[in-house]
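Some notes on the structure that comes next.
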Amino acid sequence: MRHITQAFAVSLTAALTAAAFVPAAAHAQAIKIGVVTFLSGPAASPFGVPAKNAAELMIESLNAGKVPAPYATKGFGGTPVEAVIIDEAGSSTTQVTEFRNLVQRSNVDVVIGYVSSGNCLAVAPVAEELKKLTNFFDCGTPRIFEDGSYKYVFRTSPTATMDNVGAALYIKDIKPNLKTIAGINQNYAWGQDSWADFEASIKQLFPGVTVKTSQMPKLFAGQYNTEISTLLGENADVIHSSFFDGDLEALLLQGAPRGLFKKSMGVLTTGETAMHKLAAQIPDGTLLGARGPFGPYAPKNALNSWFVKGFEAKNKVPPNYASYQMTQAILGVKAAWEKAQAANGGKRPSNEQVAAALENLTFEGPGGTVRMAIGKGHQAIMETAYGMTKTVGGKITVTNVKRYAAEKVNPPEGVKSADWIKAGFK
Amino acid sequence: MEHIAAVLVDGIIYSAWLFIAAVGMTLIYGVMKIVNITHGSFYALGAYAAASLTGAWLAHGYPPMLSYAVLLAAAVVVTLVFAPLIERGLLRFMYAKDEVVILLITYALFLILEDTIKLVWGVDPYFIAEPYGLLGSFDIGSLSYPTYNLILVGLALASGIGLAWLLNRTRTGKLLRAVIHDPQVSSAMGVNVDRFYLVTFTCGSMLAAVGGAFTAPTVSVVPGLGVEVVVLSFAVVVIGGLGSLPGAALGAVIVGLVRSISIHYMPQVELFVIYFVMALVLAFRPRGLFSLAEARKI
């Protein structure tokens with residue numbers, strides 16, 4: 001036993017001595033990013049997997065120093081980055097447990113993730129409790145920073161308010177005589193908030209408008225024939241839907257043979273994720289959103305061209321808006337990390353320093369300029385764009401694209417979305 | 001009047017889908033006393049197999065009208081591969097265990113099969129929209145319905161009537177009822193109970209797979225497809241009475257109509273009403289509307 005103790009002591013001393021002489025650069029531990037997105041379930045294909053693919057492309061390219069300026073520095077400030085990828089499937093309780101595991105067991109430096117608004121609402125207070133820098137990349141409910149105040153939690157993508165105000169402004173431009181609206185949205189935070197913002201915006205822009213019906217089926221219900229009958233029976237001028245993932249696809253598949261969006265104009269705020277897969281089911285003249293200037297609405301710049309080319313080469317499909325949002329989230333954290341590192345004399349910054357650097361930051365993403373301008377500097381705003389579908393030679397395109405400046409579709413700092421809309425967007 | 005007709009038609013279509021999805025679960029419980037959570041897996045397997053086979057069929061330019069037969073064949077094939085394997089390979093060793101233990105085993109199998117589906121088919125969605133629109137539409141007033149929905153109603157009627165005939169009018173049905181009543185005595189009388197269990201599990205699972213296969217043209221076939229079906233099927237069979245065929249039919253009709261009425265007239269309570277009806281039935285008839293009398297054993 002004594003020999004074993006002695007051997008252990010000698011080994012430990014040798015290891016510690018050796019460690020003391022390792023050059024400082026070799027100590028640079030990789031920065032671990034917890035990436036949380038749907039890898040299974042109905043949201044995996046349209047959001048989770050494209051987002052994961054974007055994260056893998058970005059991390060690989062960042063570590064190789066292949067991303068165009070201003071992100072040409074390898075990794076984050078020269079330190080390589082590695083991802084710990086977690087499935088977002090399961091309840092919010094599961095996600096809170098997984099978040100704790102990421103922070104306390106996997107010891108990640110940053111968490112970037114979450115498609116579901118319910119999961120974002122559940123994870124935000126836990127991130128704050130554990131003092132872990134967390135950047136929501138996709139979830140849309142504006143409640144996160146309107147009902148709460150956080151030091152460590154950020155969202156580098158705009159909220160659903162922007163999507164719905166943008167859609168309402170577009171309708172005002174093309175249908176000045178709108179009389180009736182209807183909606184079909186999922187019955188949880190995302191769907192309810194989306195419909196509330198759209199309905200309130202339309203009522204501001206068209207004071208005499210009538211709401212014919214608001215359908216709120218359960219998330220992932222899958223069967224919508226009865227809802228479609230109701231929507232067809234009401235014959236509203238426009239039908240708004242923030243459906244996403246398999247629900248959007250099922251709605252399009254079941255609605256198309258019944259002429260759902262031919263009879264009334266469809267307003268699909270997240271329709272871009274289905275535009276290539278279900279082109280035959282989306283009739284011409286459908287208003288298609290991409291949750292910002294992403295996908296067909298992305299600007300022509302070097303960063304976007306590089307991103308689209310790289311993504312298509314690796315995945316054989318074009319990036320959808322979830323891929324853009326993930327890329328934007330990683331680049332936002334990289335920009336903040338490097339700003340904090342520079343302010344820290346080139347040394348690895350703490351979570352607090354990175355969080356402080358990300359507050360009110362303006363940075364470039366493949367979708368254009370992102371400003372962390374609201375939610376006390378924790379919530380991004382961007383311009384948005386909408387267009388109408390038109391099938392040309394069997395391929396779906398968007399025409400009559402209109403862009404709306406960030407200030408026109410997002411509330412100002414300190415004002416809740418609902419109040420801003422009710423006050424006539426002031 | 002048109003509105004009422006729409007409520008009824010929507011309710012009937014949804015009831016038919018529910019019944020196809022749920023009847024296999026009640027059959028397996030009725031004979032084997034297993035609350036079979038893998039029912040959802042067979043529904044998903046049926047949908048995936050149908051999407052793959054029918055997709056390939058249509059891609060090769062074969063007659064689209066025969067795609068309905070391919071949907072059915074896909075469900076049959078996938079069930080004949082997996083159901084006997086599960087029943088012979090695992091479940092038959094568990095029959096002596098408590099019902100709750102078997103329920104947990106089928107839940108574990110459900111999770112395993114979910115991952116198997118992901119391994120085989122990946123996470124990308126599969127679409128086979130063509131069979132849904134192939135038969136055209138019929139109109140109820142100003143509303144148009146794909147004729148394909150009538151196939152679902154026909155399938156529900158065929159499976160319900162077929163099972164009722166099998167159970168009540170055939171020698172096999174009589175033997176099966178004897179097994180339901182007392183497997184030990186049936187075995188002592190020379191009935192091959194094991195074979196009945198195998199056939200029942202395969203038939204019940206096949207009904208789930210057929211439900212999945214014929215739902216595939218109307219949805220995006222993605223992982224997790226079977227989860228919702230297990231919950232809804234369970235609600236239907238509990239309302240009707242676990243193990244009761246007429247109960248499953250009535251449960252499906254009640255849920256379908258109540259849901260349709262709520263969506264047309266009060267959409268905000270759609271989800272609530274289904275489970276409210278279930279709670280209401282259980283409050284007054286804890287064993288469901290058509291609960292079967294059980295012989296007391298000493």
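Convention: chains lettered A, B, ... in structure tokens order; per-chain residue numbering from 1; ligands numbered from 1 as shown.
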
Inset, instruction - Kindly provide, as a ChimeraX atom specification, the residues of chain B having any atom no farther than 7 Å from an atom of chain A, counting only C-alpha atoms. - result: /B:10,123-125,129,133,143-146,218-220,222-224,260,263-264,267-268,271

Could those selected residues go to a file with N, CA and C atoms, as a tab-separated table (two decimals), in the first residue's frame?
```tsv
chain	number	residue	atom	x	y	z
B	10	ASP	N	-66.58	16.65	-41.27
B	10	ASP	CA	-65.26	16.76	-40.63
B	10	ASP	C	-65.15	15.79	-39.45
B	123	VAL	N	-33.67	12.02	-40.44
B	123	VAL	CA	-34.62	12.96	-39.84
B	123	VAL	C	-35.31	13.85	-40.89
B	124	ASP	N	-34.92	13.69	-42.14
B	124	ASP	CA	-35.56	14.51	-43.18
B	124	ASP	C	-36.99	14.02	-43.43
B	125	PRO	N	-37.89	14.93	-43.76
B	125	PRO	CA	-39.28	14.50	-43.98
B	125	PRO	C	-39.46	13.78	-45.31
B	129	ALA	N	-47.47	13.26	-51.64
B	129	ALA	CA	-48.75	13.98	-51.73
B	129	ALA	C	-49.66	13.43	-52.82
B	133	GLY	N	-54.40	13.67	-53.74
B	133	GLY	CA	-55.18	14.47	-54.70
B	133	GLY	C	-55.64	13.70	-55.92
B	143	LEU	N	-67.86	23.88	-49.69
B	143	LEU	CA	-66.60	23.28	-49.22
B	143	LEU	C	-66.22	22.07	-50.07
B	144	SER	N	-64.92	22.00	-50.34
B	144	SER	CA	-64.43	20.90	-51.16
B	144	SER	C	-63.61	19.96	-50.27
B	145	TYR	N	-63.83	18.66	-50.42
B	145	TYR	CA	-63.08	17.66	-49.65
B	145	TYR	C	-62.40	16.68	-50.61
B	146	PRO	N	-61.14	16.36	-50.39
B	146	PRO	CA	-60.51	15.34	-51.23
B	146	PRO	C	-61.24	13.99	-51.07
B	218	THR	N	-50.99	12.63	-46.36
B	218	THR	CA	-51.58	13.90	-45.90
B	218	THR	C	-50.67	14.66	-44.94
B	219	VAL	N	-49.55	14.08	-44.59
B	219	VAL	CA	-48.66	14.74	-43.61
B	219	VAL	C	-47.21	14.68	-44.08
B	220	SER	N	-46.38	15.38	-43.33
B	220	SER	CA	-44.95	15.26	-43.53
B	220	SER	C	-44.50	14.12	-42.63
B	222	VAL	N	-42.23	12.42	-40.50
B	222	VAL	CA	-41.01	12.81	-39.76
B	222	VAL	C	-40.91	12.01	-38.47
B	223	PRO	N	-39.72	11.96	-37.87
B	223	PRO	CA	-39.60	11.26	-36.58
B	223	PRO	C	-40.54	11.89	-35.56
B	224	GLY	N	-41.09	11.04	-34.71
B	224	GLY	CA	-42.02	11.54	-33.69
B	224	GLY	C	-43.47	11.45	-34.12
B	260	SER	N	-64.83	18.32	-33.76
B	260	SER	CA	-65.30	19.06	-34.92
B	260	SER	C	-66.23	20.20	-34.50
B	263	ILE	N	-64.09	22.97	-32.95
B	263	ILE	CA	-63.29	23.74	-33.92
B	263	ILE	C	-64.18	24.70	-34.71
B	264	HIS	N	-65.37	24.23	-35.06
B	264	HIS	CA	-66.25	25.10	-35.85
B	264	HIS	C	-66.88	26.21	-35.03
B	267	PRO	N	-63.19	27.33	-31.21
B	267	PRO	CA	-61.87	26.71	-31.44
B	267	PRO	C	-60.92	26.78	-30.25
B	268	GLN	N	-61.14	27.75	-29.37
B	268	GLN	CA	-60.20	27.89	-28.25
B	268	GLN	C	-60.26	26.74	-27.26
B	271	LEU	N	-58.65	21.43	-27.70
B	271	LEU	CA	-57.86	20.40	-27.02
B	271	LEU	C	-58.52	19.98	-25.72
```

Legend entry - Spatial neighbours of region 71-74 of chain A, 10 Å, only C-alpha atoms, chain gap at least 5 places, as a PyMOL selection string: chain A and resi 59-66+79-81+303+331+334-335+338+364

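Minimum atom-to-atom distance to Pro70 (chain A), evaluated using only C-alpha atoms, belongs to A:Ala302 out of A:Ala342, A:Met372, A:Ile174, A:Ala302.
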
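Between CA of Gln328 (chain A) and CA of Phe137 (chain A) the interatomic distance comes to 7.8 Å.
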